[in-house]
file query01.tsv (TSV, C-alpha atoms)
chain	number	residue	atom	x	y	z
A	1	MET	CA	17.15	5.63	-26.08
A	2	PRO	CA	13.79	6.80	-27.49
A	3	ILE	CA	12.08	5.45	-24.37
A	4	GLN	CA	14.35	7.52	-22.15
A	5	ASP	CA	13.70	10.64	-24.22
A	6	ALA	CA	9.95	10.09	-23.92
A	7	VAL	CA	10.24	9.77	-20.15
A	8	ILE	CA	12.27	12.98	-19.96
A	9	GLN	CA	9.74	14.76	-22.13
A	10	ASP	CA	6.85	13.55	-20.00
A	11	HIS	CA	8.54	14.95	-16.90
A	12	SER	CA	9.66	18.27	-18.38
A	13	ILE	CA	8.27	21.49	-16.95
A	14	TRP	CA	6.23	22.31	-20.05
A	15	SER	CA	4.79	18.80	-20.12
A	16	LEU	CA	3.84	19.00	-16.44
A	17	ILE	CA	2.14	22.36	-17.00
A	18	TRP	CA	0.34	21.12	-20.12
A	19	ASN	CA	-0.92	17.97	-18.36
A	20	ALA	CA	-1.86	19.72	-15.13
A	21	SER	CA	-5.46	19.85	-13.99
A	22	LEU	CA	-7.56	22.79	-15.17
A	23	PRO	CA	-7.67	24.66	-11.81
A	24	VAL	CA	-3.88	24.44	-11.51
A	25	GLN	CA	-3.47	25.66	-15.08
A	26	LEU	CA	-5.76	28.61	-14.32
A	27	VAL	CA	-3.71	29.45	-11.24
A	28	MET	CA	-0.51	29.33	-13.29
A	29	LEU	CA	-2.05	31.52	-15.98
A	30	ILE	CA	-3.22	34.09	-13.43
A	31	LEU	CA	0.22	34.19	-11.82
A	32	LEU	CA	1.90	34.53	-15.20
A	33	VAL	CA	-0.34	37.44	-16.22
A	34	VAL	CA	0.11	39.13	-12.84
A	35	SER	CA	3.88	38.70	-13.05
A	36	ILE	CA	4.01	40.26	-16.52
A	37	MET	CA	1.86	43.19	-15.33
A	38	SER	CA	4.12	43.65	-12.30
A	39	TRP	CA	7.27	43.80	-14.40
A	40	TYR	CA	5.60	46.28	-16.75
A	41	MET	CA	4.62	48.52	-13.85
A	42	ILE	CA	8.07	48.18	-12.28
A	43	ASP	CA	9.63	49.39	-15.52
A	44	ARG	CA	7.17	52.29	-15.74
A	45	LYS	CA	7.82	53.36	-12.15
A	46	LEU	CA	11.59	53.18	-12.57
A	47	THR	CA	11.36	55.41	-15.62
A	48	SER	CA	9.03	57.85	-13.85
A	49	PHE	CA	11.18	58.14	-10.72
A	50	ARG	CA	14.30	58.76	-12.79
A	51	ARG	CA	12.48	61.48	-14.72
A	52	TRP	CA	11.07	63.17	-11.60
A	53	ASN	CA	14.44	63.19	-9.84
A	54	LYS	CA	16.18	64.49	-12.96
A	55	VAL	CA	13.65	67.31	-13.35
A	56	ALA	CA	13.99	68.17	-9.66
A	57	ASP	CA	17.79	68.28	-9.92
A	58	LEU	CA	17.70	70.54	-12.97
A	59	PHE	CA	15.06	72.85	-11.52
A	60	GLU	CA	16.62	73.21	-8.07
A	61	GLU	CA	20.04	73.88	-9.58
A	62	GLN	CA	18.54	76.70	-11.62
A	63	PHE	CA	16.28	77.96	-8.84
A	64	TRP	CA	19.00	78.23	-6.20
A	65	SER	CA	21.57	79.70	-8.60
A	66	GLY	CA	20.29	83.20	-7.83
A	67	GLY	CA	18.19	83.90	-10.91
A	68	GLU	CA	14.99	85.89	-10.83
A	69	VAL	CA	11.97	83.82	-9.88
A	70	SER	CA	9.77	85.49	-12.50
A	71	ARG	CA	12.26	84.63	-15.24
A	72	ILE	CA	12.47	81.03	-14.06
A	73	TYR	CA	8.69	80.84	-14.07
A	74	GLN	CA	8.50	82.21	-17.60
A	75	GLN	CA	11.22	79.86	-18.85
A	76	TRP	CA	9.60	76.72	-17.44
A	77	SER	CA	6.18	77.85	-18.64
A	78	GLU	CA	7.54	77.95	-22.17
A	79	GLU	CA	9.56	74.73	-21.95
A	80	ALA	CA	7.20	72.53	-19.95
A	81	SER	CA	3.84	72.23	-21.71
A	82	ASP	CA	2.75	69.65	-19.11
A	83	PRO	CA	4.72	70.43	-15.92
A	84	GLU	CA	5.17	67.68	-13.40
A	85	GLY	CA	6.90	67.07	-10.12
A	86	ILE	CA	8.57	69.99	-8.40
A	87	VAL	CA	8.05	72.21	-11.45
A	88	ASN	CA	4.29	71.79	-11.20
A	89	ILE	CA	4.37	72.74	-7.52
A	90	PHE	CA	6.48	75.82	-8.20
A	91	MET	CA	4.35	77.00	-11.09
A	92	ALA	CA	1.16	76.53	-9.08
A	93	GLY	CA	2.58	78.53	-6.18
A	94	TYR	CA	4.13	81.34	-8.20
A	95	GLY	CA	1.11	81.57	-10.50
A	96	GLU	CA	-1.14	82.08	-7.49
A	97	PHE	CA	1.31	84.59	-6.05
A	98	SER	CA	1.32	86.60	-9.29
A	99	ARG	CA	-2.46	86.64	-9.37
A	100	LEU	CA	-2.93	87.70	-5.74
A	101	ALA	CA	-0.02	90.16	-5.65
A	102	ASN	CA	-1.70	92.28	-8.30
A	103	ASN	CA	-4.80	92.62	-6.14
A	104	PRO	CA	-4.36	95.48	-3.64
A	105	ASP	CA	-7.23	94.22	-1.50
A	106	VAL	CA	-5.44	90.98	-0.64
A	107	GLU	CA	-3.59	91.07	2.67
A	108	ARG	CA	-0.22	89.46	3.28
A	109	ALA	CA	-1.67	86.57	5.30
A	110	GLN	CA	-4.26	85.86	2.63
A	111	LEU	CA	-1.61	85.93	-0.08
A	112	LEU	CA	0.62	83.45	1.74
A	113	GLU	CA	-2.34	81.23	2.53
A	114	GLY	CA	-3.39	81.23	-1.13
A	115	VAL	CA	0.10	80.36	-2.33
A	116	ASN	CA	0.42	77.60	0.26
A	117	ARG	CA	-2.99	76.18	-0.66
A	118	SER	CA	-2.17	76.15	-4.38
A	119	MET	CA	1.11	74.34	-3.78
A	120	ARG	CA	-0.59	71.84	-1.46
A	121	VAL	CA	-3.14	71.02	-4.15
A	122	ALA	CA	-0.35	70.55	-6.70
A	123	LEU	CA	1.58	68.41	-4.21
A	124	SER	CA	-1.48	66.20	-3.67
A	125	ARG	CA	-1.69	65.59	-7.41
A	126	GLU	CA	2.00	64.74	-7.57
A	127	VAL	CA	1.68	62.33	-4.64
A	128	VAL	CA	-1.12	60.53	-6.49
A	129	ASN	CA	1.19	60.15	-9.50
A	130	ILE	CA	4.10	59.05	-7.33
A	131	GLU	CA	2.07	56.36	-5.55
A	132	HIS	CA	0.34	55.15	-8.71
A	133	HIS	CA	0.75	51.37	-9.21
A	134	LEU	CA	2.25	50.88	-5.73
A	135	PRO	CA	-0.94	49.35	-4.24
A	136	PHE	CA	-1.01	46.84	-7.10
A	137	LEU	CA	2.57	45.78	-6.42
A	138	ALA	CA	1.80	45.46	-2.72
A	139	THR	CA	-1.24	43.31	-3.48
A	140	VAL	CA	0.72	41.06	-5.84
A	141	GLY	CA	3.50	40.66	-3.31
A	142	SER	CA	1.15	39.71	-0.49
A	143	THR	CA	-1.35	37.49	-2.33
A	144	SER	CA	0.66	35.69	-5.03
A	145	PRO	CA	2.21	33.12	-2.63
A	146	TYR	CA	-1.27	32.19	-1.39
A	147	VAL	CA	-2.60	31.87	-4.93
A	148	GLY	CA	0.34	29.61	-5.73
A	149	LEU	CA	-0.31	27.67	-2.53
A	150	PHE	CA	-3.91	27.12	-3.62
A	151	GLY	CA	-2.62	25.61	-6.85
A	152	THR	CA	-0.22	23.45	-4.85
A	153	VAL	CA	-2.94	22.11	-2.57
A	154	TRP	CA	-5.26	21.45	-5.49
A	155	GLY	CA	-2.52	19.71	-7.45
A	156	ILE	CA	-1.64	17.46	-4.52
A	157	MET	CA	-5.32	16.60	-3.97
A	158	HIS	CA	-5.66	15.81	-7.66
A	159	SER	CA	-2.54	13.63	-7.51
A	160	PHE	CA	-3.82	11.69	-4.49
A	161	GLN	CA	-7.18	11.12	-6.16
A	162	ALA	CA	-5.42	9.78	-9.24
A	163	ILE	CA	-3.42	7.22	-7.26
A	164	SER	CA	-6.18	6.23	-4.85
A	165	GLY	CA	-7.28	3.34	-7.04
A	166	MET	CA	-3.81	2.00	-7.76
A	167	GLN	CA	-2.62	-1.22	-6.17
A	168	GLN	CA	1.06	-0.36	-6.30
A	169	ILE	CA	2.31	3.17	-5.74
A	170	THR	CA	5.85	4.26	-6.50
A	171	ILE	CA	7.68	7.56	-6.58
A	172	ALA	CA	7.38	7.55	-10.37
A	173	THR	CA	3.60	7.60	-10.13
A	174	VAL	CA	3.45	10.34	-7.49
A	175	ALA	CA	6.25	12.56	-8.75
A	176	PRO	CA	4.45	14.18	-11.72
A	177	GLY	CA	1.49	15.33	-9.62
A	178	ILE	CA	3.71	16.65	-6.84
A	179	ALA	CA	5.96	18.42	-9.35
A	180	GLU	CA	2.92	19.98	-11.01
A	181	ALA	CA	1.78	21.29	-7.65
A	182	LEU	CA	5.19	22.67	-6.73
A	183	ILE	CA	5.41	24.55	-10.03
A	184	ALA	CA	2.38	26.57	-8.91
A	185	THR	CA	4.19	27.44	-5.68
A	186	ALA	CA	7.31	28.46	-7.59
A	187	MET	CA	5.29	30.68	-9.91
A	188	GLY	CA	3.61	32.32	-6.93
A	189	LEU	CA	7.01	33.15	-5.44
A	190	PHE	CA	8.30	34.27	-8.84
A	191	ALA	CA	5.45	36.78	-9.03
A	192	ALA	CA	5.62	37.87	-5.39
A	193	ILE	CA	9.34	38.38	-4.73
A	194	PRO	CA	10.01	41.03	-7.42
A	195	ALA	CA	6.76	42.81	-6.53
A	196	VAL	CA	7.70	42.98	-2.83
A	197	MET	CA	11.23	44.17	-3.55
A	198	ALA	CA	10.00	46.78	-6.03
A	199	TYR	CA	7.29	48.00	-3.66
A	200	ASN	CA	9.75	48.49	-0.80
A	201	LYS	CA	12.17	50.37	-3.05
A	202	PHE	CA	9.48	52.53	-4.64
A	203	ALA	CA	7.82	53.31	-1.31
A	204	ASN	CA	11.15	54.53	0.06
A	205	THR	CA	11.85	56.55	-3.08
A	206	ALA	CA	8.35	58.02	-3.04
A	207	GLU	CA	8.74	59.10	0.58
A	208	ARG	CA	12.08	60.79	-0.11
A	209	LEU	CA	10.67	62.53	-3.19
A	210	ASN	CA	7.63	63.70	-1.26
A	211	ASN	CA	9.86	65.07	1.51
A	212	ARG	CA	11.93	66.85	-1.13
A	213	TYR	CA	8.82	68.51	-2.52
A	214	GLU	CA	7.62	69.58	0.92
A	215	VAL	CA	11.01	71.06	1.84
A	216	PHE	CA	10.99	73.09	-1.38
A	217	MET	CA	7.47	74.28	-0.65
A	218	GLU	CA	8.46	75.56	2.79
A	219	GLU	CA	11.56	77.29	1.43
A	220	PHE	CA	9.67	78.83	-1.48
A	221	LEU	CA	6.94	80.04	0.87
A	222	SER	CA	9.62	81.71	3.02
A	223	ILE	CA	10.99	83.46	-0.07
A	224	ILE	CA	7.52	84.69	-0.97
A	225	SER	CA	6.96	85.88	2.60
A	226	ARG	CA	10.20	87.89	2.62
A	227	GLN	CA	9.42	89.41	-0.76
A	228	VAL	CA	5.93	90.48	0.37
A	229	ARG	CA	7.40	91.97	3.54
A	230	ARG	CA	9.90	94.01	1.54
A	231	ASN	CA	7.20	95.23	-0.84
A	232	ASN	CA	5.04	96.42	2.05
A	233	ARG	CA	7.76	98.57	3.55
call {"tool": "encode", "arguments": {"input": "query01.tsv", "output": "structure tokens"}}
result
Amino acid sequence: MPIQDAVIQDHSIWSLIWNASLPVQLVMLILLVVSIMSWYMIDRKLTSFRRWNKVADLFEEQFWSGGEVSRIYQQWSEEASDPEGIVNIFMAGYGEFSRLANNPDVERAQLLEGVNRSMRVALSREVVNIEHHLPFLATVGSTSPYVGLFGTVWGIMHSFQAISGMQQITIATVAPGIAEALIATAMGLFAAIPAVMAYNKFANTAERLNNRYEVFMEEFLSIISRQVRRNNR
């Protein structure tokens, strides 16, 4: 019974990892660190997307409820010390409108161009925040299987070198080295699959959020244009 336990222990996953060659251990360590970083970034992006969508829902519900734009601007200026998402775009646009509307020398076309430019700059900043961490997830998803494959190839080469001088070769002598190599492949897939799935989901969510911001910008610019036209009559 003790002999059987020792055999099981020698062929356990932790034992295979501990007794693996140094390059394979480094590959496993890299994949483990990358996987932990990926899950951390996935959690951060999920939290951020939920927050951005929630803020957009609250703001658009208030904005399209028929309240005065100036009052909405004042309310969000007081509540949001660090505006983000659609609120940041709105405040940038309306802030520029308020500044240019008080200047009698500014023509209607210049005013609309200034408001549009301010919102575009704010949108560019929001897009940077939305797409933050996505390139890392894409890189992990595309390269982790190959890193794991490198560990697999190295482990198999190391196993063959170890048995090259043996007179009698059995499955029991080859199995540990092969298993060690396959663990590297499994870890590569374990790091890659969640990263690929998260990247695809986040890329789709980011595109829909970006489209939502752009639609609001166009609608808000139309509101500003109608208001300027009424004021000039």
call {"tool": "atom_distance", "arguments": {"input": "query01.tsv", "atom1": "atom CA of A:Asp43", "atom2": "atom CA of A:Gly151"}}
result
28.1 Å
call {"tool": "closest_residue", "arguments": {"input": "query01.tsv", "among": "A:Gln110, A:Gln25, A:Thr205, A:Asn211", "to": "A:Leu46", "atoms": "only C-alpha atoms"}}
result
A:Thr205
call {"tool": "atom_distance", "arguments": {"input": "query01.tsv", "atom1": "atom CA of A:Ile178", "atom2": "atom CA of A:Tyr146"}}
result
17.2 Å
call {"tool": "residues_around", "arguments": {"input": "query01.tsv", "residues": "A:Ser142", "least_positions_apart": "6", "cutoff": "9 Å", "atoms": "only C-alpha atoms", "output": "compact mmCIF listing (two decimals) with C-alpha atoms, keeping the file's coordinate frame"}}
result
# COMPACT_ATOMS: atom_id res chain seq x y z
CA ALA A 192 5.62 37.87 -5.39
CA ALA A 195 6.76 42.81 -6.53
CA VAL A 196 7.70 42.98 -2.83
call {"tool": "atom_distance", "arguments": {"input": "query01.tsv", "atom1": "atom CA of A:Ile86", "atom2": "atom CA of A:Ser225"}}
result
19.4 Å
call {"tool": "residues_around", "arguments": {"input": "query01.tsv", "residues": "A:Val153", "least_positions_apart": "6", "cutoff": "12 Å", "atoms": "all atoms listed in the file", "output": "count of residues only"}}
result
17
call {"tool": "closest_residue", "arguments": {"input": "query01.tsv", "among": "A:Leu31, A:Leu209, A:Leu221, A:Ala138", "to": "A:Asp57", "atoms": "all atoms listed in the file"}}
result
A:Leu209
call {"tool": "closest_residue", "arguments": {"input": "query01.tsv", "among": "A:Ser65, A:Val115, A:Arg51, A:Leu22", "to": "A:Trp154", "atoms": "all atoms listed in the file"}}
result
A:Leu22
call {"tool": "closest_residue", "arguments": {"input": "query01.tsv", "among": "A:Leu100, A:Val34, A:Leu123, A:Val215", "to": "A:Gly141", "atoms": "all atoms listed in the file"}}
result
A:Val34
call {"tool": "residues_around", "arguments": {"input": "query01.tsv", "residues": "A:Phe59", "least_positions_apart": "6", "cutoff": "10 Å", "atoms": "all atoms listed in the file", "output": "PyMOL selection string"}}
result
chain A and resi 53+65+72+76+86-87+90
call {"tool": "write_last_selection", "arguments": {"input": "query01.tsv", "atoms": "C-alpha atoms", "output": "CSV table (one decimal), in the frame of the given file"}}
result
chain,number,residue,atom,x,y,z
A,53,ASN,CA,14.4,63.2,-9.8
A,65,SER,CA,21.6,79.7,-8.6
A,72,ILE,CA,12.5,81.0,-14.1
A,76,TRP,CA,9.6,76.7,-17.4
A,86,ILE,CA,8.6,70.0,-8.4
A,87,VAL,CA,8.0,72.2,-11.4
A,90,PHE,CA,6.5,75.8,-8.2
call {"tool": "axis_aligned_box", "arguments": {"input": "query01.tsv", "around": "stretch 60-65 of chain A", "padding_each_side": "6 Å", "output": "JSON"}}
result
{"center_x": 18.9, "center_y": 76.5, "center_z": -8.9, "size_x": 17.3, "size_y": 18.5, "size_z": 17.4}
call {"tool": "residues_around", "arguments": {"input": "query01.tsv", "residues": "A:His132", "least_positions_apart": "2", "cutoff": "12 Å", "atoms": "only C-alpha atoms", "output": "MDAnalysis selection string"}}
result
chainID A and resid 41:42 44:45 48:49 125:130 134:138 199 202:203 206
call {"tool": "closest_residue", "arguments": {"input": "query01.tsv", "among": "A:Glu113, A:Trp52, A:Asn88, A:Arg120", "to": "A:Arg208", "atoms": "only C-alpha atoms"}}
result
A:Trp52
call {"tool": "residues_around", "arguments": {"input": "query01.tsv", "residues": "stretch 104-107 of chain A", "least_positions_apart": "5", "cutoff": "12 Å", "atoms": "only C-alpha atoms", "output": "list in words"}}
result
Phe97, Ser98, Arg99, Leu112, Glu113, Gly114, Ser225, Val228, Arg229, Asn231 and Asn232 of chain A
call {"tool": "closest_residue", "arguments": {"input": "query01.tsv", "among": "A:Glu131, A:Ile30, A:Asn102, A:Tyr40", "to": "A:Asn200", "atoms": "all atoms listed in the file"}}
result
A:Glu131
call {"tool": "decode", "arguments": {"input": "query01.tsv", "residues": "stretch 56-98 of chain A", "atoms": "N, CA and C atoms", "output": "mmCIF file, in the first residue's frame"}}
result
data_model
loop_
_atom_site.group_PDB
_atom_site.id
_atom_site.type_symbol
_atom_site.label_atom_id
_atom_site.label_comp_id
_atom_site.auth_asym_id
_atom_site.auth_seq_id
_atom_site.Cartn_x
_atom_site.Cartn_y
_atom_site.Cartn_z
ATOM 1 N N ALA A 56 -24.991 55.649 -18.517
ATOM 2 C CA ALA A 56 -25.653 56.053 -19.764
ATOM 3 C C ALA A 56 -27.164 55.910 -19.656
ATOM 4 N N ASP A 57 -27.631 54.831 -19.026
ATOM 5 C CA ASP A 57 -29.075 54.642 -18.854
ATOM 6 C C ASP A 57 -29.669 55.748 -17.994
ATOM 7 N N LEU A 58 -29.017 56.043 -16.882
ATOM 8 C CA LEU A 58 -29.524 57.082 -15.982
ATOM 9 C C LEU A 58 -29.522 58.453 -16.657
ATOM 10 N N PHE A 59 -28.431 58.755 -17.352
ATOM 11 C CA PHE A 59 -28.320 60.074 -17.975
ATOM 12 C C PHE A 59 -29.326 60.232 -19.105
ATOM 13 N N GLU A 60 -29.428 59.234 -19.996
ATOM 14 C CA GLU A 60 -30.339 59.366 -21.121
ATOM 15 C C GLU A 60 -31.792 59.418 -20.667
ATOM 16 N N GLU A 61 -32.124 58.682 -19.607
ATOM 17 C CA GLU A 61 -33.485 58.756 -19.080
ATOM 18 C C GLU A 61 -33.805 60.171 -18.603
ATOM 19 N N GLN A 62 -32.839 60.800 -17.940
ATOM 20 C CA GLN A 62 -33.046 62.162 -17.470
ATOM 21 C C GLN A 62 -33.016 63.157 -18.627
ATOM 22 N N PHE A 63 -32.112 62.949 -19.559
ATOM 23 C CA PHE A 63 -31.928 63.902 -20.651
ATOM 24 C C PHE A 63 -33.154 63.950 -21.556
ATOM 25 N N TRP A 64 -33.712 62.789 -21.876
ATOM 26 C CA TRP A 64 -34.844 62.735 -22.793
ATOM 27 C C TRP A 64 -36.190 62.845 -22.088
ATOM 28 N N SER A 65 -36.175 63.148 -20.798
ATOM 29 C CA SER A 65 -37.431 63.300 -20.065
ATOM 30 C C SER A 65 -38.038 64.691 -20.252
ATOM 31 N N GLY A 66 -37.321 65.577 -20.908
ATOM 32 C CA GLY A 66 -37.856 66.902 -21.214
ATOM 33 C C GLY A 66 -37.361 68.004 -20.304
ATOM 34 N N GLY A 67 -36.373 67.712 -19.463
ATOM 35 C CA GLY A 67 -35.843 68.751 -18.581
ATOM 36 C C GLY A 67 -34.948 69.726 -19.324
ATOM 37 N N GLU A 68 -34.692 70.843 -18.700
ATOM 38 C CA GLU A 68 -33.818 71.843 -19.306
ATOM 39 C C GLU A 68 -32.377 71.334 -19.343
ATOM 40 N N VAL A 69 -31.741 71.568 -20.478
ATOM 41 C CA VAL A 69 -30.373 71.081 -20.662
ATOM 42 C C VAL A 69 -29.421 71.767 -19.691
ATOM 43 N N SER A 70 -29.625 73.055 -19.459
ATOM 44 C CA SER A 70 -28.746 73.790 -18.551
ATOM 45 C C SER A 70 -28.851 73.249 -17.127
ATOM 46 N N ARG A 71 -30.064 72.881 -16.725
ATOM 47 C CA ARG A 71 -30.242 72.328 -15.383
ATOM 48 C C ARG A 71 -29.600 70.945 -15.270
ATOM 49 N N ILE A 72 -29.720 70.158 -16.322
ATOM 50 C CA ILE A 72 -29.077 68.834 -16.332
ATOM 51 C C ILE A 72 -27.562 68.987 -16.250
ATOM 52 N N TYR A 73 -27.047 69.957 -16.992
ATOM 53 C CA TYR A 73 -25.606 70.207 -16.967
ATOM 54 C C TYR A 73 -25.150 70.617 -15.571
ATOM 55 N N GLN A 74 -25.896 71.479 -14.930
ATOM 56 C CA GLN A 74 -25.532 71.928 -13.585
ATOM 57 C C GLN A 74 -25.616 70.784 -12.582
ATOM 58 N N GLN A 75 -26.648 69.949 -12.703
ATOM 59 C CA GLN A 75 -26.810 68.840 -11.770
ATOM 60 C C GLN A 75 -25.668 67.850 -11.881
ATOM 61 N N TRP A 76 -25.317 67.470 -13.112
ATOM 62 C CA TRP A 76 -24.236 66.495 -13.286
ATOM 63 C C TRP A 76 -22.880 67.107 -12.963
ATOM 64 N N SER A 77 -22.740 68.392 -13.136
ATOM 65 C CA SER A 77 -21.482 69.045 -12.757
ATOM 66 C C SER A 77 -21.267 68.973 -11.255
ATOM 67 N N GLU A 78 -22.363 69.060 -10.501
ATOM 68 C CA GLU A 78 -22.259 68.996 -9.048
ATOM 69 C C GLU A 78 -22.106 67.558 -8.549
ATOM 70 N N GLU A 79 -22.760 66.613 -9.233
ATOM 71 C CA GLU A 79 -22.750 65.230 -8.758
ATOM 72 C C GLU A 79 -21.519 64.468 -9.239
ATOM 73 N N ALA A 80 -21.088 64.729 -10.439
ATOM 74 C CA ALA A 80 -19.981 63.957 -11.028
ATOM 75 C C ALA A 80 -18.705 64.789 -10.975
ATOM 76 N N SER A 81 -17.872 64.538 -9.971
ATOM 77 C CA SER A 81 -16.601 65.260 -9.865
ATOM 78 C C SER A 81 -15.627 64.839 -10.964
ATOM 79 N N ASP A 82 -15.738 63.579 -11.403
ATOM 80 C CA ASP A 82 -14.892 63.065 -12.478
ATOM 81 C C ASP A 82 -15.799 62.386 -13.504
ATOM 82 N N PRO A 83 -16.451 63.171 -14.380
ATOM 83 C CA PRO A 83 -17.423 62.592 -15.313
ATOM 84 C C PRO A 83 -16.766 61.617 -16.280
ATOM 85 N N GLU A 84 -17.515 60.608 -16.648
ATOM 86 C CA GLU A 84 -17.015 59.626 -17.587
ATOM 87 C C GLU A 84 -18.146 59.171 -18.487
ATOM 88 N N GLY A 85 -17.775 58.533 -19.562
ATOM 89 C CA GLY A 85 -18.763 57.991 -20.482
ATOM 90 C C GLY A 85 -19.561 59.083 -21.167
ATOM 91 N N ILE A 86 -20.841 58.835 -21.304
ATOM 92 C CA ILE A 86 -21.718 59.754 -22.030
ATOM 93 C C ILE A 86 -21.843 61.094 -21.317
ATOM 94 N N VAL A 87 -21.697 61.087 -19.999
ATOM 95 C CA VAL A 87 -21.769 62.335 -19.231
ATOM 96 C C VAL A 87 -20.595 63.244 -19.589
ATOM 97 N N ASN A 88 -19.429 62.662 -19.731
ATOM 98 C CA ASN A 88 -18.249 63.451 -20.102
ATOM 99 C C ASN A 88 -18.417 64.071 -21.486
ATOM 100 N N ILE A 89 -19.002 63.326 -22.412
ATOM 101 C CA ILE A 89 -19.228 63.849 -23.758
ATOM 102 C C ILE A 89 -20.231 64.997 -23.725
ATOM 103 N N PHE A 90 -21.305 64.805 -22.975
ATOM 104 C CA PHE A 90 -22.320 65.863 -22.874
ATOM 105 C C PHE A 90 -21.753 67.123 -22.242
ATOM 106 N N MET A 91 -21.031 66.968 -21.152
ATOM 107 C CA MET A 91 -20.504 68.137 -20.453
ATOM 108 C C MET A 91 -19.478 68.863 -21.299
ATOM 109 N N ALA A 92 -18.686 68.128 -22.061
ATOM 110 C CA ALA A 92 -17.723 68.777 -22.957
ATOM 111 C C ALA A 92 -18.442 69.578 -24.034
ATOM 112 N N GLY A 93 -19.505 68.981 -24.608
ATOM 113 C CA GLY A 93 -20.235 69.672 -25.662
ATOM 114 C C GLY A 93 -20.999 70.880 -25.157
ATOM 115 N N TYR A 94 -21.721 70.705 -24.047
ATOM 116 C CA TYR A 94 -22.522 71.823 -23.548
ATOM 117 C C TYR A 94 -21.631 72.913 -22.942
ATOM 118 N N GLY A 95 -20.527 72.527 -22.338
ATOM 119 C CA GLY A 95 -19.595 73.527 -21.818
ATOM 120 C C GLY A 95 -19.037 74.394 -22.923
ATOM 121 N N GLU A 96 -18.696 73.777 -24.049
ATOM 122 C CA GLU A 96 -18.203 74.557 -25.191
ATOM 123 C C GLU A 96 -19.312 75.421 -25.783
ATOM 124 N N PHE A 97 -20.514 74.877 -25.806
ATOM 125 C CA PHE A 97 -21.654 75.663 -26.313
ATOM 126 C C PHE A 97 -21.891 76.899 -25.447
ATOM 127 N N SER A 98 -21.851 76.727 -24.129
ATOM 128 C CA SER A 98 -22.066 77.862 -23.221
ATOM 129 C C SER A 98 -20.997 78.920 -23.406
#
